[in-house]
Structure formats: structure tokens, C-alpha cells
Amino acid sequence: MTFPIYDSGIASGLLSGVLFGYALEAAGFGSSRKLTAQFSLRDFAVFKVMFTAVIVAAIGLYVLRSAGVIGVNAVYIPTTFYWAILAGGALIGAGFAMGGYCPGTSVVGIASGRIDAVVFAIGMVLGTTVFAAVFDPLTSFYFAAKGPDAQTLPQLFGVPEWVVLLALVIIAAVGFRLGTIVERSRGGPLTAEEVCAPDDELDDHALRGSGRSAMHG
């Protein structure tokens with residue numbers, strides 16, 4: 001049996017996309033309001049969901065490799081180039097904060113019928129087109145400041161993989177707890193009513209959030 005682990009065709013991509021899209025929508029990430037609440041520190045759902053996904057994927061890969069289900073080099077790991085990563089991270093962070101979506105969540109927003117997600121996706125396509133047009137002249141910048149030869153954290157620090165996994169779990173547990181404390185102090189997390197409220201009702205919901213914050217305080 002090769003599906004879906006070893007299938008590299010449309011079927012595995014479609015299955016993964018459906019599951020990923022469902023998970024994003026179930027987490028409320030089809031709403032830009034829910035996503036931008038992370039930047040105002042009022043709702044840590046983005047941090048919690050994505051960090052959980054990282055840990056599940058990391059542990060899953062570790063178990064599958066240990067069991068011999070997938071090869072050690074089955075997952076491609078790109079080389080680290082510091083300037084490219086810093087610039088790309090800054091751009092996508094700014095776009096996420098201003099537009100309220102990332103590429104994946106914008107597609108979920110479109111599937112949910114949100115107009116702002118459509119506008120964001122159009123901007124994303126335009127931005128990608130501009131990037132493709134200016135890629136060659138900026139190649140020297142992208143490939144400058146190459147990182148270490150070690151491509152993974154266990155290789156970089158010279159420790160067993162399970163040590164890094166344990167560290168991730170501890171960081172997640174502490175981060176989730178601190179995130180919950182911070183979001184409650186700011187009147188969060190957002191309720192379903194607040195996420196779905198029309199724009200002209202936002203002020204009322206914001207005031208209610210402030211009231212909850214005062215009660216928590």
C-alpha cells in the first residue's frame with residue numbers, strides 16, 4: 001500500500017488540502033478578525049494551533065522514520081539563507097498583520113465566502129507576480145548569508161532528536177499557559193459571536209471584551 005504516504009500525485013495533495021482546510025476553518029482561521037487578534041495579543045489561537053501542528057508533525061516524522069516507514073532523507077529541508085528568511089518573514093508578517101490572512105487561510109476565507117479574503121488573494125497573486133519579475137536581479141541578496149551546513153536543530157546542537165522534541169513540548173506548554181493568561185487579561189479569546197459580528201457592531205463587542213478584561217483583572 002503506497003497511498004497516501006508514498007503517493008506524490010494529485011490524490012495525496014487533494015486529501016492533504018481538504019484535511020488542512022477543514023482544520024483551519026474549524027479553528028476559526030477563515031476569519032481575518034480571528035487571525036489579527038493574535039497580533040493584538042487578544043487571542044492566541046494562531047500560536048496554539050500552529051505550534052501544536054509543528055509538534056504533531058515533528059513527532060509523527062520521528063516515529064515514522066524510527067519505524068522505517070519513511071526514509072531518513074524523505075523530507076526535503078531547504079538550506080538556510082539568513083537575509084532571504086529575514087526579508088521574507090518581515091514581508092509576510094506585515095502582510096498577515098495588515099491583510100488578516102496568510103496564503104492558506106485566505107483560501108479558506110474564500111471558501112467561506114469572505115470578500116476580504118478574495119481581495120487579499122488578488123493582492124497575493126499580484127505580489128507573487130512582481131516577485132517573479134524581480135527575482136533574478138536580487139539573486140545575490142537571496143543567496144547571501146548562508147547558514148550552517150547543519151540543516152536541522154539536532155544536527156546544529158549535536159543532540160538526539162528526542163531532546164529537541166521534548167524541548168518543543170516544554171516550550172509549547174509554557175507558551176500556551178502564558179498565552180492564555182495574556183489573552184484573558186486583554187478580554188479574550190474572541191467568541192464566535194465576536195468573530196462573526198458585522199463591522200458596525202465591532203465597537204460594542206470590543207467594549208464587552210474590555211468588560212471581561214476588567215472582570216478577569
# chains A, B, ... in the order shown; residues from 1 in each chain; ligands from 1
>>> select_by_dssp(residues="stretch 64-149 of chain A", states="helix (DSSP H, G or I)", output="number ranges by chain")
A: 64-66, 82-99, 103-111, 115-134, 136-142
>>> residues_around(residues="A:Arg177", least_positions_apart="6", cutoff="12 Å", atoms="only C-alpha atoms", output="ChimeraX atom specification")
/A:44,47-48,170-171,183-184
>>> residues_around(residues="A:Leu190", least_positions_apart="5", cutoff="9 Å", atoms="only C-alpha atoms", output="list in words")
Arg33, Lys34, Ala37, Arg42, Asp43, Val195 and Gly209 of chain A
>>> atom_distance(atom1="atom CA of A:Leu15", atom2="atom CA of A:Ala111")
16.3 Å
>>> closest_atom_pairs(of="stretch 143-170 of chain A", to="stretch 61-78 of chain A", cutoff="10 Å", atoms="only C-alpha atoms", output="JSON lines")
{"residue": "A:Gln151", "atom": "CA", "partner": "A:Ile77", "partner_atom": "CA", "distance": 6.7}
{"residue": "A:Thr152", "atom": "CA", "partner": "A:Ile77", "partner_atom": "CA", "distance": 8.1}
{"residue": "A:Glu161", "atom": "CA", "partner": "A:Tyr62", "partner_atom": "CA", "distance": 7.8}
{"residue": "A:Trp162", "atom": "CA", "partner": "A:Tyr62", "partner_atom": "CA", "distance": 8.2}
{"residue": "A:Leu165", "atom": "CA", "partner": "A:Tyr62", "partner_atom": "CA", "distance": 9.0}
>>> write_last_selection(atoms="C-alpha atoms", output="PDB file, in the first residue's frame")
ATOM      1  CA  GLN A 151      20.086  21.582   8.336  1.00  0.00           C
ATOM      2  CA  THR A 152      18.187  20.523  11.464  1.00  0.00           C
ATOM      3  CA  GLU A 161      16.213  14.276  18.010  1.00  0.00           C
ATOM      4  CA  TRP A 162      14.067  13.329  21.006  1.00  0.00           C
ATOM      5  CA  LEU A 165      11.120  17.224  20.554  1.00  0.00           C
TER       6      LEU A 165
END
>>> decode(residues="stretch 32-141 of chain A", atoms="C-alpha atoms", output="PDB file, in the first residue's frame")
ATOM      1  CA  SER A  32      -9.313  37.741   9.411  1.00  0.00           C
ATOM      2  CA  ARG A  33     -10.724  39.059  12.675  1.00  0.00           C
ATOM      3  CA  LYS A  34      -9.693  35.883  14.479  1.00  0.00           C
ATOM      4  CA  LEU A  35      -6.245  35.946  12.901  1.00  0.00           C
ATOM      5  CA  THR A  36      -5.428  39.595  13.568  1.00  0.00           C
ATOM      6  CA  ALA A  37      -6.467  39.154  17.203  1.00  0.00           C
ATOM      7  CA  GLN A  38      -3.181  37.278  17.596  1.00  0.00           C
ATOM      8  CA  PHE A  39      -1.251  40.452  16.802  1.00  0.00           C
ATOM      9  CA  SER A  40      -3.212  42.438  19.380  1.00  0.00           C
ATOM     10  CA  LEU A  41      -2.495  39.635  21.894  1.00  0.00           C
ATOM     11  CA  ARG A  42      -6.206  39.152  22.488  1.00  0.00           C
ATOM     12  CA  ASP A  43      -6.468  35.642  21.034  1.00  0.00           C
ATOM     13  CA  PHE A  44      -3.602  33.138  20.922  1.00  0.00           C
ATOM     14  CA  ALA A  45      -5.425  30.556  18.796  1.00  0.00           C
ATOM     15  CA  VAL A  46      -2.983  31.005  15.897  1.00  0.00           C
ATOM     16  CA  PHE A  47       0.031  30.390  18.111  1.00  0.00           C
ATOM     17  CA  LYS A  48      -1.575  27.417  19.842  1.00  0.00           C
ATOM     18  CA  VAL A  49      -2.890  25.709  16.721  1.00  0.00           C
ATOM     19  CA  MET A  50       0.228  26.202  14.613  1.00  0.00           C
ATOM     20  CA  PHE A  51       2.636  25.239  17.387  1.00  0.00           C
ATOM     21  CA  THR A  52       0.559  22.121  18.037  1.00  0.00           C
ATOM     22  CA  ALA A  53       0.744  21.294  14.323  1.00  0.00           C
ATOM     23  CA  VAL A  54       4.534  21.677  14.403  1.00  0.00           C
ATOM     24  CA  ILE A  55       4.847  19.313  17.364  1.00  0.00           C
ATOM     25  CA  VAL A  56       2.473  16.715  15.903  1.00  0.00           C
ATOM     26  CA  ALA A  57       4.323  16.781  12.574  1.00  0.00           C
ATOM     27  CA  ALA A  58       7.739  16.591  14.249  1.00  0.00           C
ATOM     28  CA  ILE A  59       6.776  13.669  16.473  1.00  0.00           C
ATOM     29  CA  GLY A  60       4.994  11.955  13.586  1.00  0.00           C
ATOM     30  CA  LEU A  61       8.057  12.182  11.349  1.00  0.00           C
ATOM     31  CA  TYR A  62      10.278  10.940  14.164  1.00  0.00           C
ATOM     32  CA  VAL A  63       8.051   7.914  14.767  1.00  0.00           C
ATOM     33  CA  LEU A  64       7.689   7.118  11.056  1.00  0.00           C
ATOM     34  CA  ARG A  65      11.441   7.340  10.487  1.00  0.00           C
ATOM     35  CA  SER A  66      12.162   5.221  13.553  1.00  0.00           C
ATOM     36  CA  ALA A  67       9.690   2.595  12.328  1.00  0.00           C
ATOM     37  CA  GLY A  68      11.249   2.585   8.871  1.00  0.00           C
ATOM     38  CA  VAL A  69       8.044   3.732   7.194  1.00  0.00           C
ATOM     39  CA  ILE A  70       9.811   6.675   5.545  1.00  0.00           C
ATOM     40  CA  GLY A  71      13.473   7.181   4.761  1.00  0.00           C
ATOM     41  CA  VAL A  72      15.756   9.449   6.750  1.00  0.00           C
ATOM     42  CA  ASN A  73      16.094  11.811   3.791  1.00  0.00           C
ATOM     43  CA  ALA A  74      12.476  11.555   2.642  1.00  0.00           C
ATOM     44  CA  VAL A  75      11.665  15.116   3.731  1.00  0.00           C
ATOM     45  CA  TYR A  76      13.395  17.911   1.843  1.00  0.00           C
ATOM     46  CA  ILE A  77      14.972  20.546   4.081  1.00  0.00           C
ATOM     47  CA  PRO A  78      15.986  23.767   2.309  1.00  0.00           C
ATOM     48  CA  THR A  79      19.271  25.486   3.028  1.00  0.00           C
ATOM     49  CA  THR A  80      19.107  28.418   5.425  1.00  0.00           C
ATOM     50  CA  PHE A  81      19.869  31.850   3.959  1.00  0.00           C
ATOM     51  CA  TYR A  82      19.534  34.453   6.687  1.00  0.00           C
ATOM     52  CA  TRP A  83      18.848  37.599   4.645  1.00  0.00           C
ATOM     53  CA  ALA A  84      16.240  35.901   2.488  1.00  0.00           C
ATOM     54  CA  ILE A  85      14.469  34.438   5.520  1.00  0.00           C
ATOM     55  CA  LEU A  86      14.560  37.727   7.443  1.00  0.00           C
ATOM     56  CA  ALA A  87      13.210  39.703   4.496  1.00  0.00           C
ATOM     57  CA  GLY A  88      10.562  37.116   3.668  1.00  0.00           C
ATOM     58  CA  GLY A  89       9.491  36.807   7.288  1.00  0.00           C
ATOM     59  CA  ALA A  90       9.160  40.578   7.647  1.00  0.00           C
ATOM     60  CA  LEU A  91       7.098  40.865   4.468  1.00  0.00           C
ATOM     61  CA  ILE A  92       4.726  38.018   5.241  1.00  0.00           C
ATOM     62  CA  GLY A  93       4.396  39.221   8.833  1.00  0.00           C
ATOM     63  CA  ALA A  94       3.454  42.709   7.684  1.00  0.00           C
ATOM     64  CA  GLY A  95       1.045  41.308   5.113  1.00  0.00           C
ATOM     65  CA  PHE A  96      -0.507  38.998   7.681  1.00  0.00           C
ATOM     66  CA  ALA A  97      -0.997  41.823  10.175  1.00  0.00           C
ATOM     67  CA  MET A  98      -2.444  44.280   7.648  1.00  0.00           C
ATOM     68  CA  GLY A  99      -4.429  41.906   5.458  1.00  0.00           C
ATOM     69  CA  GLY A 100      -5.503  39.482   8.141  1.00  0.00           C
ATOM     70  CA  TYR A 101      -4.621  36.371   6.156  1.00  0.00           C
ATOM     71  CA  CYS A 102      -1.741  34.189   5.071  1.00  0.00           C
ATOM     72  CA  PRO A 103      -1.845  32.284   1.750  1.00  0.00           C
ATOM     73  CA  GLY A 104      -3.514  29.208   3.233  1.00  0.00           C
ATOM     74  CA  THR A 105      -6.081  30.992   5.371  1.00  0.00           C
ATOM     75  CA  SER A 106      -7.038  33.311   2.502  1.00  0.00           C
ATOM     76  CA  VAL A 107      -8.152  30.263   0.502  1.00  0.00           C
ATOM     77  CA  VAL A 108     -10.176  29.081   3.500  1.00  0.00           C
ATOM     78  CA  GLY A 109     -11.688  32.557   3.759  1.00  0.00           C
ATOM     79  CA  ILE A 110     -12.658  32.457   0.078  1.00  0.00           C
ATOM     80  CA  ALA A 111     -14.299  29.067   0.583  1.00  0.00           C
ATOM     81  CA  SER A 112     -16.234  30.640   3.459  1.00  0.00           C
ATOM     82  CA  GLY A 113     -17.466  33.400   1.148  1.00  0.00           C
ATOM     83  CA  ARG A 114     -15.469  36.272   2.647  1.00  0.00           C
ATOM     84  CA  ILE A 115     -14.887  39.220   0.323  1.00  0.00           C
ATOM     85  CA  ASP A 116     -11.803  40.446   2.182  1.00  0.00           C
ATOM     86  CA  ALA A 117     -10.168  37.066   1.559  1.00  0.00           C
ATOM     87  CA  VAL A 118     -10.801  37.449  -2.180  1.00  0.00           C
ATOM     88  CA  VAL A 119      -9.193  40.899  -2.157  1.00  0.00           C
ATOM     89  CA  PHE A 120      -6.232  39.550  -0.186  1.00  0.00           C
ATOM     90  CA  ALA A 121      -5.796  36.662  -2.631  1.00  0.00           C
ATOM     91  CA  ILE A 122      -5.758  39.077  -5.569  1.00  0.00           C
ATOM     92  CA  GLY A 123      -3.057  41.097  -3.843  1.00  0.00           C
ATOM     93  CA  MET A 124      -1.144  37.896  -3.136  1.00  0.00           C
ATOM     94  CA  VAL A 125      -1.182  36.924  -6.811  1.00  0.00           C
ATOM     95  CA  LEU A 126      -0.032  40.405  -7.821  1.00  0.00           C
ATOM     96  CA  GLY A 127       2.749  40.317  -5.233  1.00  0.00           C
ATOM     97  CA  THR A 128       3.886  36.898  -6.419  1.00  0.00           C
ATOM     98  CA  THR A 129       3.971  38.171  -9.991  1.00  0.00           C
ATOM     99  CA  VAL A 130       6.112  41.157  -9.014  1.00  0.00           C
ATOM    100  CA  PHE A 131       8.444  38.897  -7.029  1.00  0.00           C
ATOM    101  CA  ALA A 132       8.903  36.594 -10.018  1.00  0.00           C
ATOM    102  CA  ALA A 133       9.724  39.599 -12.199  1.00  0.00           C
ATOM    103  CA  VAL A 134      12.445  40.928  -9.883  1.00  0.00           C
ATOM    104  CA  PHE A 135      13.831  37.595  -8.675  1.00  0.00           C
ATOM    105  CA  ASP A 136      16.845  37.383 -10.996  1.00  0.00           C
ATOM    106  CA  PRO A 137      18.251  40.864 -10.229  1.00  0.00           C
ATOM    107  CA  LEU A 138      18.036  40.125  -6.492  1.00  0.00           C
ATOM    108  CA  THR A 139      19.510  36.629  -6.603  1.00  0.00           C
ATOM    109  CA  SER A 140      22.755  37.709  -4.934  1.00  0.00           C
ATOM    110  CA  PHE A 141      20.742  39.055  -1.993  1.00  0.00           C
TER     111      PHE A 141
END
